[in-house]
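K.L.:
query03.txt is the file, holding compact mmCIF, C-alpha atoms:
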```txt
# COMPACT_ATOMS: atom_id res chain seq x y z
CA MET A 1 93.71 113.06 104.89
CA SER A 2 94.95 111.82 108.23
CA ALA A 3 96.71 108.48 108.48
CA GLY A 4 95.03 107.67 111.79
CA LYS A 5 91.49 107.22 110.49
CA TRP A 6 91.63 103.55 109.56
CA ILE A 7 95.13 102.25 108.81
CA GLY A 8 97.15 104.19 111.32
CA GLY A 9 100.74 105.27 111.82
CA ILE A 10 102.40 101.98 112.77
CA LEU A 11 102.89 99.69 109.80
CA GLY A 12 104.41 96.67 111.55
CA PHE A 13 105.88 93.88 109.43
CA MET A 14 104.43 95.32 106.22
CA ALA A 15 106.90 98.24 106.35
CA ALA A 16 109.42 95.99 104.56
CA GLY A 17 109.42 93.32 101.86
CA PRO A 18 106.84 93.03 99.06
CA LEU A 19 104.03 94.36 101.27
CA GLY A 20 106.19 97.38 102.06
CA ALA A 21 106.72 98.04 98.36
CA LEU A 22 102.97 97.97 97.73
CA ALA A 23 102.37 100.11 100.82
CA GLY A 24 104.68 102.70 99.34
CA VAL A 25 102.48 102.81 96.24
CA ALA A 26 99.04 102.59 97.87
CA LEU A 27 99.51 104.39 101.18
CA GLY A 28 101.97 107.01 99.99
CA ALA A 29 99.34 108.31 97.60
CA LEU A 30 96.76 108.57 100.37
CA PHE A 31 98.44 110.01 103.39
CA ASP A 32 99.65 113.59 103.72
CA ASN A 33 103.35 112.83 104.05
CA GLY A 34 103.59 109.25 102.76
CA LEU A 35 105.34 106.38 104.50
CA ASP A 36 108.05 108.57 105.99
CA ALA A 37 105.41 110.30 108.06
CA VAL A 38 103.68 107.18 109.30
CA ASN A 39 107.00 105.57 110.21
CA ASN A 40 108.57 108.60 111.86
CA PRO A 41 110.69 108.39 115.06
CA GLU A 42 107.70 109.26 117.24
CA ASN A 43 105.93 106.15 116.04
CA SER A 44 108.95 103.86 116.18
CA GLY A 45 108.92 103.85 119.95
CA THR A 46 105.52 102.21 120.27
CA ARG A 47 106.79 98.66 120.09
CA SER A 48 106.43 96.83 123.40
CA PHE A 49 109.44 96.47 125.71
CA ASN A 50 109.98 92.79 124.84
CA GLY A 51 110.07 93.42 121.08
CA ALA A 52 106.59 92.07 120.42
CA ARG A 53 104.42 93.83 117.87
CA THR A 54 101.84 96.20 119.31
CA ASP A 55 98.15 95.69 118.66
CA GLU A 56 98.19 98.70 116.34
CA GLU A 57 101.01 97.23 114.27
CA GLN A 58 99.16 93.92 113.99
CA ARG A 59 95.91 95.61 113.03
CA ASN A 60 97.42 97.86 110.38
CA SER A 61 99.39 95.02 108.82
CA PHE A 62 96.23 92.89 108.81
CA LEU A 63 94.07 95.59 107.19
CA PHE A 64 96.56 96.42 104.47
CA SER A 65 97.12 92.73 103.77
CA LEU A 66 93.34 92.41 103.36
CA MET A 67 93.36 95.22 100.80
CA VAL A 68 96.21 93.64 98.81
CA LEU A 69 94.62 90.19 98.70
CA SER A 70 91.18 91.66 97.95
CA SER A 71 92.56 93.56 94.96
CA TYR A 72 93.94 90.28 93.61
CA VAL A 73 90.74 88.29 94.22
CA ILE A 74 88.37 90.89 92.78
CA LYS A 75 90.38 91.23 89.58
CA ALA A 76 90.88 87.48 89.19
CA ASP A 77 88.53 87.47 86.20
CA GLY A 78 90.50 90.28 84.55
CA LYS A 79 88.04 93.10 85.20
CA VAL A 80 86.62 95.22 87.99
CA MET A 81 82.87 95.79 87.80
CA HIS A 82 81.11 98.81 89.30
CA SER A 83 78.95 96.39 91.28
CA GLU A 84 82.08 94.77 92.72
CA MET A 85 83.47 98.11 93.92
CA GLU A 86 80.10 98.96 95.46
CA MET A 87 80.19 95.59 97.17
CA VAL A 88 83.66 96.36 98.57
CA ARG A 89 82.57 99.81 99.74
CA ASN A 90 79.56 98.35 101.54
CA PHE A 91 81.66 95.57 103.03
CA LEU A 92 84.29 97.97 104.34
CA GLN A 93 81.70 100.29 105.86
CA SER A 94 79.68 97.53 107.51
CA SER A 95 82.77 95.73 108.80
CA PHE A 96 85.10 98.60 109.71
CA GLY A 97 83.16 101.89 109.62
CA VAL A 98 82.73 104.93 107.38
CA GLY A 99 86.42 105.88 107.37
CA ALA A 100 87.30 102.46 106.02
CA LYS A 101 84.87 102.91 103.13
CA THR A 102 86.64 106.01 101.86
CA GLN A 103 90.27 105.13 102.51
CA GLY A 104 89.87 101.47 101.66
CA GLU A 105 88.39 102.29 98.28
CA GLN A 106 91.27 104.62 97.46
CA ILE A 107 93.81 102.00 98.52
CA MET A 108 92.07 99.44 96.30
CA LEU A 109 92.08 101.76 93.30
CA ARG A 110 95.81 102.37 93.71
CA LEU A 111 96.41 98.63 93.97
CA PHE A 112 94.37 98.04 90.78
CA GLU A 113 96.55 100.62 89.03
CA GLU A 114 99.69 98.87 90.28
CA GLN A 115 98.34 95.53 89.08
CA LYS A 116 97.78 97.03 85.64
CA ARG A 117 101.30 98.50 85.65
CA GLN A 118 102.95 95.22 86.66
CA GLY A 119 100.83 92.99 84.45
CA LYS A 120 98.70 90.08 85.58
CA MET A 121 101.43 87.45 86.01
CA GLN A 122 103.93 89.74 87.71
CA PHE A 123 101.28 90.98 90.14
CA LYS A 124 100.33 87.37 90.85
CA ASN A 125 103.97 86.71 91.78
CA THR A 126 103.96 89.84 93.96
CA VAL A 127 100.83 88.67 95.78
CA ALA A 128 102.35 85.21 96.28
CA GLN A 129 105.42 86.86 97.85
CA CYS A 130 103.16 89.01 100.04
CA CYS A 131 101.37 85.85 101.20
CA GLU A 132 104.72 84.31 102.13
CA GLN A 133 105.50 87.44 104.15
CA ILE A 134 102.07 87.20 105.83
CA ALA A 135 102.63 83.52 106.64
CA MET A 136 105.92 84.31 108.35
CA ASN A 137 104.54 87.19 110.42
CA MET A 138 100.84 86.59 111.07
CA GLU A 139 99.36 84.01 113.42
CA TYR A 140 97.30 81.22 111.88
CA ALA A 141 94.02 82.44 113.41
CA GLN A 142 94.60 85.87 111.87
CA ARG A 143 95.26 84.30 108.47
CA LEU A 144 91.99 82.38 108.83
CA GLN A 145 90.18 85.64 109.42
CA LEU A 146 91.82 87.15 106.34
CA VAL A 147 90.42 84.30 104.25
CA SER A 148 87.04 84.69 105.94
CA PHE A 149 86.90 88.36 104.90
CA LEU A 150 87.98 87.50 101.35
CA LEU A 151 85.15 84.98 101.11
CA ALA A 152 82.68 87.53 102.51
CA ILE A 153 83.67 89.96 99.75
CA ALA A 154 83.37 87.24 97.10
CA GLN A 155 79.93 86.23 98.39
CA ALA A 156 78.56 89.70 99.12
CA ASP A 157 76.66 90.10 95.84
CA GLY A 158 75.00 86.70 96.15
CA HIS A 159 77.07 85.22 93.31
CA VAL A 160 80.36 83.46 93.90
CA ASP A 161 82.57 83.66 90.82
CA PRO A 162 84.70 80.51 90.40
CA THR A 163 87.74 82.60 89.42
CA GLU A 164 87.49 84.50 92.72
CA ILE A 165 87.28 81.30 94.73
CA MET A 166 90.28 79.94 92.84
CA ALA A 167 92.20 83.11 93.70
CA ILE A 168 91.25 82.77 97.37
CA ARG A 169 92.45 79.16 97.34
CA GLU A 170 95.76 80.35 95.85
CA CYS A 171 96.16 82.95 98.58
CA ALA A 172 95.41 80.38 101.28
CA GLN A 173 97.97 77.99 99.81
CA TRP A 174 100.60 80.73 99.56
CA MET A 175 99.90 81.63 103.20
CA ARG A 176 100.68 78.00 104.12
CA MET A 177 97.17 77.17 105.25
CA GLN A 178 95.46 73.80 105.29
CA ALA A 179 93.71 72.83 102.08
CA GLY A 180 90.34 72.30 103.77
CA ASP A 181 90.16 75.75 105.39
CA VAL A 182 88.54 77.44 102.38
CA ASP A 183 86.08 74.56 101.86
CA SER A 184 85.06 74.72 105.51
CA MET A 185 84.34 78.45 105.44
CA LEU A 186 82.60 78.26 102.05
CA ASN A 187 79.88 76.15 103.67
CA LEU A 188 79.33 78.25 106.80
CA LYS A 189 76.22 79.93 105.37
CA GLY A 190 74.60 76.61 104.46
CA ASP A 191 71.87 75.18 106.64
CA SER A 192 71.82 71.53 105.60
CA LEU A 193 73.33 68.59 107.42
CA GLU A 194 75.64 68.01 104.45
CA ASP A 195 76.89 71.60 104.74
CA ALA A 196 77.53 71.07 108.44
CA TYR A 197 79.78 68.07 107.79
CA LYS A 198 81.70 70.12 105.21
CA VAL A 199 82.20 72.90 107.77
CA LEU A 200 83.79 70.41 110.16
CA GLY A 201 85.82 68.95 107.30
CA VAL A 202 84.68 65.36 107.81
CA SER A 203 82.42 62.92 106.01
CA SER A 204 79.02 61.81 107.28
CA SER A 205 80.58 58.40 107.99
CA ALA A 206 83.06 59.86 110.51
CA SER A 207 82.94 58.43 114.01
CA ASP A 208 81.71 60.50 116.95
CA ASP A 209 85.28 60.75 118.22
CA GLU A 210 86.48 62.01 114.83
CA LEU A 211 83.70 64.60 114.86
CA ARG A 212 84.63 65.84 118.32
CA LYS A 213 88.28 66.06 117.35
CA ALA A 214 87.45 68.03 114.18
CA TYR A 215 85.21 70.42 116.10
CA ARG A 216 87.81 71.01 118.83
CA ARG A 217 90.40 71.89 116.19
CA LEU A 218 88.06 74.37 114.49
CA ALA A 219 86.97 75.88 117.79
CA LEU A 220 90.57 76.42 118.82
CA GLU A 221 91.67 77.91 115.49
CA HIS A 222 88.65 80.17 115.01
CA HIS A 223 88.06 81.35 118.58
CA PRO A 224 87.42 85.14 118.55
CA ASP A 225 89.91 85.76 121.36
CA ARG A 226 92.71 84.75 119.01
CA VAL A 227 92.14 87.81 116.83
CA SER A 228 91.25 90.29 119.60
CA ALA A 229 94.52 92.19 119.05
CA LEU A 230 93.24 93.20 115.60
CA GLY A 231 90.41 95.33 116.98
CA GLU A 232 86.83 94.93 118.13
CA ASP A 233 85.43 95.02 114.58
CA VAL A 234 87.59 92.08 113.50
CA ARG A 235 86.75 90.24 116.72
CA ARG A 236 83.01 90.69 116.10
CA ALA A 237 83.38 89.20 112.61
CA ALA A 238 85.30 86.26 114.06
CA GLU A 239 82.60 85.82 116.70
CA GLN A 240 79.92 85.55 114.03
CA LYS A 241 82.02 82.96 112.19
CA PHE A 242 82.50 81.06 115.47
CA GLN A 243 78.72 81.02 116.02
CA GLU A 244 78.22 79.61 112.52
CA ILE A 245 80.73 76.85 113.26
CA ASN A 246 78.85 76.03 116.46
CA ALA A 247 75.54 76.01 114.58
CA ALA A 248 76.99 73.47 112.13
CA LYS A 249 78.23 71.36 115.04
CA ASP A 250 74.81 71.52 116.73
CA ARG A 251 73.05 70.27 113.57
CA ILE A 252 75.29 67.22 113.46
CA TRP A 253 75.08 66.58 117.20
CA LYS A 254 71.27 66.79 117.03
CA ALA A 255 71.09 64.42 114.05
CA ARG A 256 73.26 61.91 115.90
CA GLY A 257 71.62 62.36 119.28
CA LEU A 258 74.87 63.42 120.91
```
So, in terms of structure tokens, how does the structure I just supplied come out?
P.N.:
Amino acid sequence: MSAGKWIGGILGFMAAGPLGALAGVALGALFDNGLDAVNNPENSGTRSFNGARTDEEQRNSFLFSLMVLSSYVIKADGKVMHSEMEMVRNFLQSSFGVGAKTQGEQIMLRLFEEQKRQGKMQFKNTVAQCCEQIAMNMEYAQRLQLVSFLLAIAQADGHVDPTEIMAIRECAQWMRMQAGDVDSMLNLKGDSLEDAYKVLGVSSSASDDELRKAYRRLALEHHPDRVSALGEDVRRAAEQKFQEINAAKDRIWKARGL
């Protein structure tokens, strides 16, 4: 199996630290020559001249981080159901393509095995350390998109398990994100005026100026251009989320005659 199908040859910041340790377990079992091959000298020269991470590095680190956090969220209730794995397979294929469905599933299975080997509490500590590594190396807008994907997986079967939402909240906290970010995105699919206020993170008694300020913050943080380096598939998902934020804003503006 080639390493270039979905998560490619440049691992970026996840080549070290707790993410690197998990990559050694999950990716080494998948790719023909393990991590040594995907971090060979030919690949090491792809970093830009000013030391910035390349788009490929950012994308691969993002995708593997998504797999790690997903494995934690899905098993938050202590078990992995067949329906949940089917949900993940469908999510990966619809969001990232057929190659992601196959490789992503294998990565997840290896991560489940590692979670079993470490034990629940130790793996929780490992995930918390991975989130700290993500917070130090990934832009805030990219972390928001990680949480958005985690919520999409949790909601994909039409039933949101409270233990999964709690696990997502933990990941968001460990990634140093604002407490209201998860609540905001949880209400994106709602179509009521109350849901719209929750998306903007304000109460219905907020002033018009407070509403505009809240919307501007969300629009800036969630703008699709801020995750364009992660690939067109990630950008499309962010664009859909951005449209849902705008739809929530429009409901409030219409109700207030703004």
K.L.:
For atom CA of Val25 of chain A and atom CA of Met177 of chain A, quote the distance in Å rounded to one decimal.
P.N.:
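Interatomic distance here is 27.7 Å.
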K.L.:
Work out how far atom CA of Leu144 of chain A is from atom CA of His222 of chain A, in Å to one decimal.
P.N.:
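About the pair atom CA of His222 of chain A and atom CA of Leu144 of chain A: they are 7.4 Å apart.
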K.L.:
Please indicate the distance in Å from atom CA of Gln240 of chain A to atom CA of Ala76 of chain A, rounded to one decimal place.
P.N.:
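Rounded to one decimal, the two atoms are 27.2 Å apart.
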K.L.:
Report as a ChimeraX atom specification all protein, DNA and RNA residues lying within 10 Å of Arg251 of chain A, evaluated on only C-alpha atoms, omitting residues in the same chain fewer than 5 positions from it.
P.N.:
/A:191-197,246,256-257
K.L.:
Please identify all polymer residues within 9 Å of Ala179 of chain A, counting all atoms listed in the file, omitting same-chain residues fewer than 6 positions from it, and present them as a PyMOL selection string.
P.N.:
chain A and resi 169+172-173
K.L.:
Residues proximal to (91.4, 84.4, 103.0) were defined as those with any atom within 9 Å of that point in the file's coordinates, counting only C-alpha atoms. Which are they, as a list in words?
P.N.:
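Every polymer residue passing the test: Leu66, Leu69, Ser70, Arg143, Leu144, Gln145, Leu146, Val147, Ser148, Phe149, Leu150, Leu151, Ile168, Arg169, Cys171, Ala172, Met175 and Val182 of chain A.
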K.L.:
Quick one: residues within 12 Å of Gln93 of chain A, all atoms listed in the file counted, chain neighbours fewer than 5 positions away excluded, as a VMD selection string?
P.N.:
chain A and resid 6 86 to 88 98 to 105 233
K.L.:
As a PyMOL selection string, please: the residues near Ile74 of chain A (cut-off 12 Å, all atoms listed in the file, same-chain neighbours under 6 positions excluded).
P.N.:
chain A and resi 66-68+80-88+108-109+111-112+115+150-156+160-168
